[in-house]
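Colleague: Here it is, the structure in full.
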Amino acid sequence: MPSSTHHVVLGNGIAGNHAADVIRKRDPNSRITIISAGALLFYNRYDLPDVFRGRHQWVDYLVHPPEYYESQNITLRRKTRVVELDPQTQTLSLAHRETLHYDKLLIATGGHAYIPARLLDDVGLMHSFHNFRVAMQVQNAVRKNGTVIMLGGDVMGLDLARTIIATGHRVIVALDNRTFWPHEIAQSERARYLQALESMGLDIWDHGKVDHIEAGNSKGPARQVFFEDGSEIRGDVVMPFFGLVPTVDFLATSGIDMERGILVSPQLQTARDNIWAAGDVCQIWSATSNAYRFYYGYRNVKMMGEVAAYNMTGEQSAFESTVDEALEVTSKGLLHSPFWEYD
Amino acid sequence: MAKQTDIQISICGSAGDGTIAVGDIFKRAMARAGYRVIAFDHYPAEIRGFGKCISRTRISTNQVYSMKSYSDVLVSLNDLHAIPHVGEVRDYGAIIYDSAPMSAVAEGAHISGHLMPGHLPYALPIRELSELATGANRSRNIVALGFIAGLYQLPQQAFHQAIAAKFETKAPAVADTALAAFDSGFKSGSSTYKFDDVQIDHSRARKNGGEVRMMTGNGAIAHGCLEAGIETFFGYPITPATGIMERLAVEMPRRGGRLVQTEDEIAAISATIGAGYAGARAATATSGPGLALMAEMLGLGVMAEVPAVVFVSQRGGPSTGMPTKTEQSDLNLAVWGGHGDARRIVLAPTNVEGCRRCAARAFEMAEKFQVPVIVLIDLYLSNRYETVFLQGEDNFLPKNWQRVDSGAPGDNYRRYELTADGLSPRCVPGEAGGIYTATGLEHDEYGHPNDSPDVHSLMSEKRHEKLRDAMKYPGINFTKRFGDKGKIDVGLLAWGSTFGEALEAVLLAREEGIRCAAMKVVMMSPLPARPILRFCNDCQQVLVPELNYTGQFANLVSGELGRPVTRVSHATGAPMDINYLLTAIRNAAKQKLRNKTTTSNPTKA
Ligand SMILES: Cc1cc2nc3c(=O)[nH]c(=O)nc-3n(C[C@H](O)[C@H](O)[C@H](O)COP(=O)(O)OP(=O)(O)OC[C@H]3O[C@@H](n4cnc5c(N)ncnc54)[C@H](O)[C@@H]3O)c2cc1C
C-alpha cells in the first residue's frame, strides 16, 4: 500500500477505533485521522451506567490512554463535526469551515436515539444516555431512591435499568411498539419477556402512547409524563429508549445511497469510490434476506470495523455476523440480548 | 479539603485582537478576587501589524515566584499564532478556541487539528457570541474571558469591576458593550461541562488584609521612586525601560516633581548627576545601549561622589539586538562598565515587590554612600505583572544630604575628607560655608585637583572602602537562602528575574528528593562575598543560572570567591526555562564535585 495514503475515519466509536487500529497494523506508514464530534478520547460507553456506582471520572472509562494515539501515530480530531461530504473532490467539510481531504474514508458515525415525532416538542425534558456528560447529568438528576422513567424500553437501556435498580432507585418502563428493539418479538412471546423485565425489578407501565411530558413542580419529582389514555406517571428523569437512528444528516448532498442507514455491500463499500461504512450507521446487503440490514451490538460493530479496515487496505473480505439474534430469558428468568455482549 | 489553586492561563492572538487587554482584565480581576497573580505578556516588536501577542497569567493561592513552564489553559483568538503554543498545554489541560471563524480555513490551519490527545477541547462560537451580544465581532476577546470565568466558576463580580475599571476613561457604552460580551461568554462557560482537571478553588483565595496592587516591575520602580520622594527625572525613551518614565511623567508633575525628556542618554545622565550635585533626589532610566552611553558620566559621578540613581532594564543585545526580548547580559557593564576604577552600587531585585523596594532604597543609598546606584532589571521583570500587597508601607527615609560639619566653614570645608568609614561631609551648592570644587579630576580632600601618587592612592581606597558598609544597609535582603538548610547536594545562586525560576526548580527538585537550595543575590556590587561563600561551602555543586551566553554572574562570583561554579546559561531571549533548570539540577545531583568552572548544558544530559 502507498504509505502516503490519508485514511480518514469518521467516528470515534467502536467501529472507527477498531478500524483505525487495524489500518495502522496493515499500513504502518499511512496517515490516519479519526474525527469525532465529541470532546473525549475513545471510551467505553457500555460501562457508563457505572456513574450510578460512583465512577465519576471520565478517564476511568478510557479504552486507550492519550499516549496510545501518539504511539500509533493516529491524529484524533475531537469537537470536530463533519457537515458535508463531497465524494467528487474527496473532501469533508467541517463545521468550523475547514475542509479535509481524504484518500480513503470510513464512515462510522453510529446512531442516535430515535424520538417519535409526537414527542419532538418535549425533547428538552428528556435525558439521553449516549455519552459521559449526559450520563453524569442523569446521575445528578436522579434523587436518592428516586425514579427513572424509560419510554419505549429498547434493550439498550437494559443494563442501565439494572444498575439504577441495584443502586436503590426505581425504574418504570412505559411500553411501546419499540419495546425490546432491535429484537422483533412475536405477540405470543411478549408476556414472557415482560415478566422477565419484572423479575429484573423494572416496573411495567402499559398505558399506550405518551401524549406529552411536563416539568414537575419544585417540590415533587422533576418530570410528569402524560399518556393518551389520560394516565400519568412521575419521575426524576425521563429517558427515550425507542431504538437508534443512523447519524447520516451530513450526507444529504453527498449522493451516497441511503435508506435509513448508508447502504453498503457485504465488503462494507458504498457505491462511491474510496468510501466505506461500518457500525450502527450502515445497512449491509444480505443475500439471504434479499435486503439491506442493520447489525447491532458490540461484536457486530467491532467486526465491521475490522472488515472495513482490511478492505480499505487492499482486501476484499465480506462481513458475516456471528451473533445469534434471539432475545433470551435466562434460567434465572432474566432478559439477555446477545447484541449487547461485549468483551 | 480545599486544594491549593495554582494555574496558568495563556491567551494568544494577533495584534488587534485585544489579547493583552483581556489578559490585563483577567489578572486584575483575579487580584481583586484575592489570588496572587504573576503575569508576563509577549507582544511583537512592531508597533503596527499582525504580530503574535500572548498574555500568560499564573494565579495561585500561595506565593509563587515565576511563570510556570507549561500552561493549564490556552485560549486561541488567532489559530495561526496559537498553534505553535498548543504543546505548552499540559495533559488534561484545556484549549479554548473559536468554532465559528469568519472565513473558510485552509486544511491544517484550524487549531482543532493540532491538539494533543491529552488536551481537552472547548469549541466555542466566540465570534458569533460576540456578534449576538454586542452587534460586532470586536469583543471576541471579552467573550472568551467570560467563558473562562464561567467554566471555572470565577467570581463574576470581580470581573465586572475589573472591566468597569479598564474602560473607566472611555464612553460608558464601551464598558457596557464589554460587560454584555463578558456575560454572554460567562453564561456559555457556566453551562459547559468541564472535562479538564483545572481546579480553581475560590474558598482558598485571600479574603482581605492590606491593599493589593497589580504592578509591573517598571510600575513598581516608578512607585518606589514616588514613595522615596523623587524630585527630578531625566530620561530618553528606550524599550523596555520607557514604562518607568511614562508612569513618572504622569505622576511627578502632580506631586511638584520635574521630568524632562532629554535629547539622548548622555544628556539624561549628565542632568541626573547635575541634579544630584544640587541636592535633588534624581534618577534616570535606560536599557543596555543607553547605559553604554552613560558610562563616561557615571565615572564623573563616582569621582565627584555625587548621588544619582540609574534604572537599567536589560534586553537582548549587543547593539539594537532584540529590543522586545529579555536577557541578563548587561551585568558586566553595570558592575564594571566605564573607565577607571569606578566602583558603584548595583542592585538587582528579583521580583516586582523587590523593584519597588530597591528603587526607593536606591535613593537613600546613593545619598548615604555618595555614589551612583544602578538598579538592574531586565525586560522580563520590567513587563511582568505581580500582585503587590501593600501591608504597612515601608518607611523610606527622607532626603538626607545635610552637611556634616567637620570644621570651620569657608575655605576649610573638606568635601572629600578622609574619614574612618570613607564617607565625607556632603553639602549642596548655596549652603553657607559649603563652597568646594566638584571635578572629574583626581582631587584632594578639598576637591582641589591633585594627581600626586599619595592622593590618588588614598582617594581610590576611600571611594572603594566607603561602599563596604553598603552591604549592611538595612531594609533590603541583599542575599537570602531558600530551600534545604545545612549541607546540600545542589545549590542555585541566582540573580534578577531568573531567581523566580531557580526557586521553582529547586522546589520541584526537592519534591524529587534532591537536597537543594537557592540563594538570591540582590546586591551585585559590591558583592556580598561572605554569605555567598558560606552558601557555596554548603553545596556539593553550585549552579549559576542566568540569561546570557557568557555566564556574567558566574564569572563575577568565581572571580571574587575563587571558587568553582557551574554556569547554566540560557541565551534565547526568553525567560529561564524551569525544566531546563530542573534537568541541570538532576544532572548536578548525580555528579561528583567538579573542581573547575564549567558550563552545564542540560540538553546534553
Ligand atoms: C445508550 C446506548 C447504550 C448502548 N449499550 C450497549 C451495550 O451495552 N452493548 C452493546 O453491545 N451495544 C450497546 N449500544 C450500541 C452500541 O453502542 C453501538 O452498537 C456501537 O457503539 C456503535 O458503534 P459505532 O462505532 O457504529 O458508533 P458510535 O459508537 O455511536 O460512534 C459514533 C461516532 O461518530 C461520531 N460522529 C457522529 N456524527 C458525526 C459527525 N457529523 N461529525 C463527526 N463525528 C461524528 C461521534 O462523535 C462518535 O464518535 C448502546 C448504544 C447506546 C446509544
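Here, A, B, ... name the chains of the C-alpha cells in the order displayed, residue numbers run from 1 inside each chain, and ligands are numbered from 1 in the same displayed order.
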If you count only C-alpha atoms and all ligand atoms, which residues end up within 6 Å of ligand 1, as a ChimeraX atom specification?
Modeller: /A:10-16,35-38,46,80-83,108-112,129-130,156,247,250,279-281,296-298,301,339-342
Colleague: Compute the chain A side of the contact with chain B at 6 Å, counting only C-alpha atoms, and hand it back as a list of chain:residue names.
Modeller: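 Putting it all together, I get A:Pro66, A:Arg77, A:His96, A:Arg97, A:Glu98, A:Thr99, A:Leu100.
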Colleague: Let's have the selection written as a CSV table (one decimal), in the first residue's frame, with N, CA, C and O atoms.
Modeller:
chain,number,residue,atom,x,y,z
A,66,PRO,N,-4.0,8.6,26.4
A,66,PRO,CA,-3.6,9.6,25.4
A,66,PRO,C,-2.3,9.1,24.6
A,66,PRO,O,-2.2,9.3,23.4
A,77,ARG,N,-9.1,14.0,15.9
A,77,ARG,CA,-9.6,15.4,15.9
A,77,ARG,C,-11.0,15.4,16.6
A,77,ARG,O,-11.9,14.9,16.1
A,96,HIS,N,-16.4,24.0,11.4
A,96,HIS,CA,-15.6,25.3,11.6
A,96,HIS,C,-15.0,25.8,10.3
A,96,HIS,O,-14.1,26.6,10.4
A,97,ARG,N,-15.5,25.4,9.2
A,97,ARG,CA,-15.2,25.9,7.9
A,97,ARG,C,-13.8,25.5,7.3
A,97,ARG,O,-13.2,26.2,6.5
A,98,GLU,N,-13.4,24.4,7.8
A,98,GLU,CA,-12.1,23.8,7.3
A,98,GLU,C,-12.5,22.6,6.4
A,98,GLU,O,-13.6,22.0,6.6
A,99,THR,N,-11.8,22.4,5.3
A,99,THR,CA,-12.0,21.2,4.5
A,99,THR,C,-10.9,20.2,4.7
A,99,THR,O,-9.7,20.7,4.9
A,100,LEU,N,-11.2,19.0,4.6
A,100,LEU,CA,-10.2,18.0,4.9
A,100,LEU,C,-10.2,17.0,3.7
A,100,LEU,O,-11.3,16.4,3.5
Colleague: I'd like the contact shell of range 336-349 of chain B - 6 Å cut-off, only C-alpha atoms, skipping same-chain residues fewer than 6 positions apart - returned as a PyMOL selection string.
Modeller: chain B and resi 295-296+299+302+355+372-377+496+522-525
Colleague: Take the residues from that selection and put them in a file with N, CA and C atoms, as a short mmCIF file (atom, residue, chain, number, x, y, z; two decimals), in the first residue's frame.
Modeller:
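So the final result, stored in result10.cif, reads:
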data_model
loop_
_atom_site.label_atom_id
_atom_site.label_comp_id
_atom_site.auth_asym_id
_atom_site.auth_seq_id
_atom_site.Cartn_x
_atom_site.Cartn_y
_atom_site.Cartn_z
N ALA B 295 28.20 55.60 30.42
CA ALA B 295 29.35 55.11 31.19
C ALA B 295 30.31 56.23 31.58
N GLU B 296 30.55 57.16 30.66
CA GLU B 296 31.53 58.20 30.96
C GLU B 296 31.07 59.06 32.13
N GLY B 299 31.34 57.70 35.55
CA GLY B 299 32.69 57.89 36.10
C GLY B 299 32.77 59.22 36.84
N VAL B 302 31.09 58.92 40.20
CA VAL B 302 31.91 58.20 41.18
C VAL B 302 33.02 59.12 41.69
N CYS B 355 11.46 45.36 43.11
CA CYS B 355 11.73 46.54 42.28
C CYS B 355 11.35 47.80 43.04
N PRO B 372 26.75 56.95 42.47
CA PRO B 372 25.63 56.48 41.64
C PRO B 372 25.23 55.05 42.02
N VAL B 373 23.95 54.81 42.03
CA VAL B 373 23.43 53.46 42.29
C VAL B 373 22.68 53.01 41.04
N ILE B 374 23.05 51.85 40.55
CA ILE B 374 22.33 51.28 39.40
C ILE B 374 21.37 50.23 39.91
N VAL B 375 20.11 50.31 39.50
CA VAL B 375 19.14 49.25 39.80
C VAL B 375 18.93 48.51 38.48
N LEU B 376 19.36 47.24 38.49
CA LEU B 376 19.44 46.48 37.24
C LEU B 376 18.32 45.44 37.18
N ILE B 377 17.44 45.60 36.21
CA ILE B 377 16.40 44.58 36.00
C ILE B 377 16.48 44.12 34.54
N GLY B 496 18.43 38.57 39.87
CA GLY B 496 17.47 39.21 38.99
C GLY B 496 16.24 38.34 38.73
N VAL B 522 20.91 39.96 45.59
CA VAL B 522 20.33 41.21 45.12
C VAL B 522 21.40 42.28 44.94
N MET B 523 22.44 42.21 45.76
CA MET B 523 23.49 43.22 45.60
C MET B 523 24.62 42.63 44.74
N MET B 524 24.79 43.23 43.59
CA MET B 524 25.78 42.70 42.66
C MET B 524 27.11 43.44 42.81
N SER B 525 27.05 44.66 43.33
CA SER B 525 28.27 45.42 43.55
C SER B 525 28.01 46.40 44.69
#
Colleague: Based on DSSP run over this structure's backbone, return all residues of range 28-184 of chain B in alpha helix (DSSP H), as JSON, numbers by chain.
Modeller: {"B": [28, 29, 30, 31, 32, 79, 80, 81, 82, 126, 127, 128, 129, 130, 131, 132, 133, 134, 140, 141, 142, 143, 144, 145, 146, 147, 148, 149, 150, 151, 156, 157, 158, 159, 160, 161, 162, 163, 164, 165, 166, 172, 173, 174, 175, 176, 177, 178, 179, 180, 181, 182, 183, 184]}
Colleague: Keeping only N, CA and C atoms, write those residues as a short mmCIF file (atom, residue, chain, number, x, y, z; two decimals), in the first residue's frame.
Modeller:
data_model
loop_
_atom_site.label_atom_id
_atom_site.label_comp_id
_atom_site.auth_asym_id
_atom_site.auth_seq_id
_atom_site.Cartn_x
_atom_site.Cartn_y
_atom_site.Cartn_z
N ARG B 28 -6.22 41.49 36.71
CA ARG B 28 -6.71 42.44 37.71
C ARG B 28 -7.94 41.88 38.44
N ALA B 29 -8.78 41.19 37.68
CA ALA B 29 -9.96 40.59 38.32
C ALA B 29 -9.52 39.53 39.33
N MET B 30 -8.53 38.72 38.96
CA MET B 30 -8.09 37.67 39.86
C MET B 30 -7.40 38.25 41.09
N ALA B 31 -6.69 39.35 40.90
CA ALA B 31 -6.08 40.01 42.07
C ALA B 31 -7.18 40.54 42.99
N ARG B 32 -8.22 41.13 42.38
CA ARG B 32 -9.36 41.61 43.19
C ARG B 32 -10.01 40.46 43.94
N ASP B 79 -5.74 31.28 15.44
CA ASP B 79 -5.20 29.92 15.42
C ASP B 79 -3.78 29.84 14.87
N LEU B 80 -3.48 30.64 13.85
CA LEU B 80 -2.14 30.52 13.26
C LEU B 80 -1.07 30.88 14.29
N HIS B 81 -1.37 31.86 15.13
CA HIS B 81 -0.42 32.22 16.17
C HIS B 81 -0.43 31.22 17.33
N ALA B 82 -1.62 30.69 17.61
CA ALA B 82 -1.75 29.83 18.80
C ALA B 82 -1.25 28.41 18.55
N ILE B 126 -17.04 31.82 19.38
CA ILE B 126 -16.66 33.08 20.03
C ILE B 126 -17.16 34.28 19.23
N ARG B 127 -16.90 34.23 17.92
CA ARG B 127 -17.31 35.37 17.08
C ARG B 127 -18.83 35.54 17.10
N GLU B 128 -19.52 34.43 16.94
CA GLU B 128 -20.98 34.51 16.90
C GLU B 128 -21.54 35.07 18.21
N LEU B 129 -20.98 34.60 19.32
CA LEU B 129 -21.46 35.10 20.62
C LEU B 129 -21.21 36.60 20.75
N SER B 130 -20.04 37.03 20.25
CA SER B 130 -19.73 38.46 20.31
C SER B 130 -20.74 39.25 19.49
N GLU B 131 -21.03 38.75 18.30
CA GLU B 131 -21.97 39.46 17.44
C GLU B 131 -23.37 39.49 18.05
N LEU B 132 -23.77 38.36 18.63
CA LEU B 132 -25.10 38.33 19.24
C LEU B 132 -25.20 39.27 20.43
N ALA B 133 -24.13 39.32 21.21
CA ALA B 133 -24.19 40.12 22.45
C ALA B 133 -23.99 41.60 22.18
N THR B 134 -23.17 41.93 21.18
CA THR B 134 -22.77 43.34 21.03
C THR B 134 -23.01 43.90 19.64
N ARG B 140 -14.64 39.56 20.79
CA ARG B 140 -14.31 38.13 20.89
C ARG B 140 -13.46 37.86 22.13
N ASN B 141 -12.48 38.77 22.36
CA ASN B 141 -11.58 38.58 23.50
C ASN B 141 -12.35 38.54 24.82
N ILE B 142 -13.34 39.43 24.94
CA ILE B 142 -14.07 39.51 26.23
C ILE B 142 -15.02 38.32 26.36
N VAL B 143 -15.57 37.87 25.23
CA VAL B 143 -16.43 36.68 25.28
C VAL B 143 -15.60 35.50 25.80
N ALA B 144 -14.39 35.36 25.26
CA ALA B 144 -13.52 34.24 25.68
C ALA B 144 -13.20 34.36 27.16
N LEU B 145 -12.98 35.57 27.62
CA LEU B 145 -12.70 35.79 29.04
C LEU B 145 -13.90 35.36 29.89
N GLY B 146 -15.08 35.77 29.44
CA GLY B 146 -16.30 35.40 30.16
C GLY B 146 -16.45 33.89 30.21
N PHE B 147 -16.10 33.22 29.11
CA PHE B 147 -16.21 31.76 29.06
C PHE B 147 -15.30 31.13 30.12
N ILE B 148 -14.08 31.62 30.21
CA ILE B 148 -13.15 31.08 31.22
C ILE B 148 -13.75 31.27 32.62
N ALA B 149 -14.25 32.49 32.86
CA ALA B 149 -14.80 32.78 34.18
C ALA B 149 -15.99 31.89 34.49
N GLY B 150 -16.83 31.65 33.49
CA GLY B 150 -18.00 30.80 33.70
C GLY B 150 -17.61 29.34 33.88
N LEU B 151 -16.71 28.87 33.02
CA LEU B 151 -16.30 27.46 33.07
C LEU B 151 -15.68 27.11 34.41
N GLN B 156 -17.92 36.47 39.23
CA GLN B 156 -18.34 37.35 38.13
C GLN B 156 -18.16 38.82 38.52
N GLN B 157 -18.44 39.10 39.78
CA GLN B 157 -18.39 40.46 40.28
C GLN B 157 -16.99 41.07 40.10
N ALA B 158 -15.97 40.28 40.42
CA ALA B 158 -14.60 40.79 40.32
C ALA B 158 -14.28 41.15 38.87
N PHE B 159 -14.83 40.38 37.93
CA PHE B 159 -14.59 40.67 36.51
C PHE B 159 -15.35 41.93 36.09
N HIS B 160 -16.58 42.04 36.58
CA HIS B 160 -17.36 43.24 36.24
C HIS B 160 -16.61 44.48 36.70
N GLN B 161 -16.06 44.41 37.91
CA GLN B 161 -15.34 45.58 38.44
C GLN B 161 -14.09 45.86 37.62
N ALA B 162 -13.38 44.78 37.26
CA ALA B 162 -12.13 44.98 36.50
C ALA B 162 -12.44 45.54 35.11
N ILE B 163 -13.54 45.09 34.51
CA ILE B 163 -13.92 45.61 33.19
C ILE B 163 -14.30 47.08 33.30
N ALA B 164 -15.09 47.40 34.32
CA ALA B 164 -15.50 48.80 34.51
C ALA B 164 -14.26 49.68 34.71
N ALA B 165 -13.32 49.18 35.50
CA ALA B 165 -12.10 49.98 35.76
C ALA B 165 -11.28 50.15 34.48
N LYS B 166 -11.23 49.10 33.68
CA LYS B 166 -10.41 49.13 32.46
C LYS B 166 -10.92 50.21 31.50
N PRO B 172 -19.25 55.52 28.36
CA PRO B 172 -19.88 54.42 29.11
C PRO B 172 -20.31 53.25 28.24
N ALA B 173 -20.62 53.54 26.96
CA ALA B 173 -21.07 52.46 26.06
C ALA B 173 -19.98 51.40 25.89
N VAL B 174 -18.72 51.81 26.01
CA VAL B 174 -17.62 50.85 25.80
C VAL B 174 -17.65 49.79 26.89
N ALA B 175 -17.79 50.25 28.13
CA ALA B 175 -17.83 49.29 29.25
C ALA B 175 -19.11 48.45 29.16
N ASP B 176 -20.21 49.07 28.77
CA ASP B 176 -21.47 48.31 28.68
C ASP B 176 -21.36 47.19 27.65
N THR B 177 -20.74 47.51 26.53
CA THR B 177 -20.55 46.50 25.48
C THR B 177 -19.68 45.37 26.00
N ALA B 178 -18.61 45.74 26.67
CA ALA B 178 -17.70 44.73 27.20
C ALA B 178 -18.42 43.85 28.23
N LEU B 179 -19.23 44.46 29.06
CA LEU B 179 -19.94 43.68 30.08
C LEU B 179 -20.94 42.73 29.42
N ALA B 180 -21.59 43.18 28.36
CA ALA B 180 -22.54 42.31 27.66
C ALA B 180 -21.80 41.12 27.05
N ALA B 181 -20.65 41.40 26.45
CA ALA B 181 -19.86 40.32 25.85
C ALA B 181 -19.38 39.35 26.92
N PHE B 182 -18.93 39.91 28.03
CA PHE B 182 -18.44 39.06 29.13
C PHE B 182 -19.56 38.15 29.62
N ASP B 183 -20.72 38.73 29.86
CA ASP B 183 -21.83 37.94 30.41
C ASP B 183 -22.27 36.84 29.45
N SER B 184 -22.19 37.13 28.16
CA SER B 184 -22.58 36.09 27.20
C SER B 184 -21.58 34.93 27.25
#
Colleague: Identify, on the basis of only C-alpha atoms, every residue whose closest approach to Ile23 in chain A does not exceed 9 Å; exclude the query and any residue fewer than 5 positions from it along the same chain; express the result as JSON, numbers by chain.
Modeller: {"A": [7, 18, 28, 30, 32, 306, 309, 310, 312, 313]}
Colleague: Using N, CA and C atoms, can you export the residues from the last selection as a short mmCIF file (atom, residue, chain, number, x, y, z; two decimals), in the first residue's frame?
Modeller:
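Okay, part.cif is ready:
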data_model
loop_
_atom_site.label_atom_id
_atom_site.label_comp_id
_atom_site.auth_asym_id
_atom_site.auth_seq_id
_atom_site.Cartn_x
_atom_site.Cartn_y
_atom_site.Cartn_z
N HIS A 7 -5.96 7.99 5.42
CA HIS A 7 -7.18 7.30 5.82
C HIS A 7 -7.92 8.19 6.80
N HIS A 18 -11.67 0.59 16.08
CA HIS A 18 -11.16 -0.73 15.74
C HIS A 18 -10.57 -0.71 14.32
N PRO A 28 1.62 0.60 8.16
CA PRO A 28 2.29 1.32 9.24
C PRO A 28 2.64 2.77 8.91
N SER A 30 0.93 4.91 6.76
CA SER A 30 -0.10 5.80 6.23
C SER A 30 -0.49 6.85 7.26
N ILE A 32 -3.36 8.52 9.39
CA ILE A 32 -4.70 8.16 9.86
C ILE A 32 -5.26 9.30 10.70
N GLU A 306 -13.27 -4.04 11.58
CA GLU A 306 -12.14 -4.85 11.13
C GLU A 306 -12.23 -5.15 9.63
N ALA A 309 -11.52 -2.10 7.58
CA ALA A 309 -10.09 -1.77 7.58
C ALA A 309 -9.33 -2.68 6.62
N TYR A 310 -9.65 -3.95 6.62
CA TYR A 310 -8.99 -4.87 5.69
C TYR A 310 -9.25 -4.43 4.25
N MET A 312 -10.16 -1.51 3.12
CA MET A 312 -9.55 -0.21 2.78
C MET A 312 -8.06 -0.36 2.51
N THR A 313 -7.49 -1.45 2.99
CA THR A 313 -6.05 -1.67 2.78
C THR A 313 -5.82 -2.84 1.82
#
Colleague: Smallest atom-to-atom distance to Leu77 in chain B: which of B:Glu442, B:Glu305, B:Asp17, B:Glu512, using only C-alpha atoms?
Modeller: B:Asp17
Colleague: Could you list, as a VMD selection string, every residue within 7 Å of Gly146 in chain A, counting only C-alpha atoms and ignoring same-chain residues fewer than 4 positions away?
Modeller: chain A and resid 142 169 to 170 236
Colleague: Take the residues that were just selected and, keeping N, CA, C and O atoms, output them as an mmCIF file, in the first residue's frame.
Modeller:
data_model
loop_
_atom_site.group_PDB
_atom_site.id
_atom_site.type_symbol
_atom_site.label_atom_id
_atom_site.label_comp_id
_atom_site.auth_asym_id
_atom_site.auth_seq_id
_atom_site.Cartn_x
_atom_site.Cartn_y
_atom_site.Cartn_z
ATOM 1 N N VAL A 142 -31.181 12.282 39.225
ATOM 2 C CA VAL A 142 -31.978 11.275 39.936
ATOM 3 C C VAL A 142 -31.718 11.411 41.436
ATOM 4 O O VAL A 142 -30.591 11.305 41.896
ATOM 5 N N HIS A 169 -32.701 2.766 43.237
ATOM 6 C CA HIS A 169 -33.721 3.608 42.616
ATOM 7 C C HIS A 169 -34.807 2.740 41.980
ATOM 8 O O HIS A 169 -34.703 1.519 41.949
ATOM 9 N N ARG A 170 -35.805 3.434 41.440
ATOM 10 C CA ARG A 170 -36.909 2.718 40.801
ATOM 11 C C ARG A 170 -36.876 3.034 39.306
ATOM 12 O O ARG A 170 -36.552 4.173 38.917
ATOM 13 N N ASP A 236 -37.921 11.410 38.258
ATOM 14 C CA ASP A 236 -36.879 12.454 38.262
ATOM 15 C C ASP A 236 -36.374 12.733 36.849
ATOM 16 O O ASP A 236 -36.067 13.865 36.501
#
Colleague: Quick one: everything within 6 Å of Val310 in chain B, counting only C-alpha atoms, minus sequence neighbours fewer than 6 positions away in the same chain. Send it as a PyMOL selection string.
Modeller: chain B and resi 283-285+374
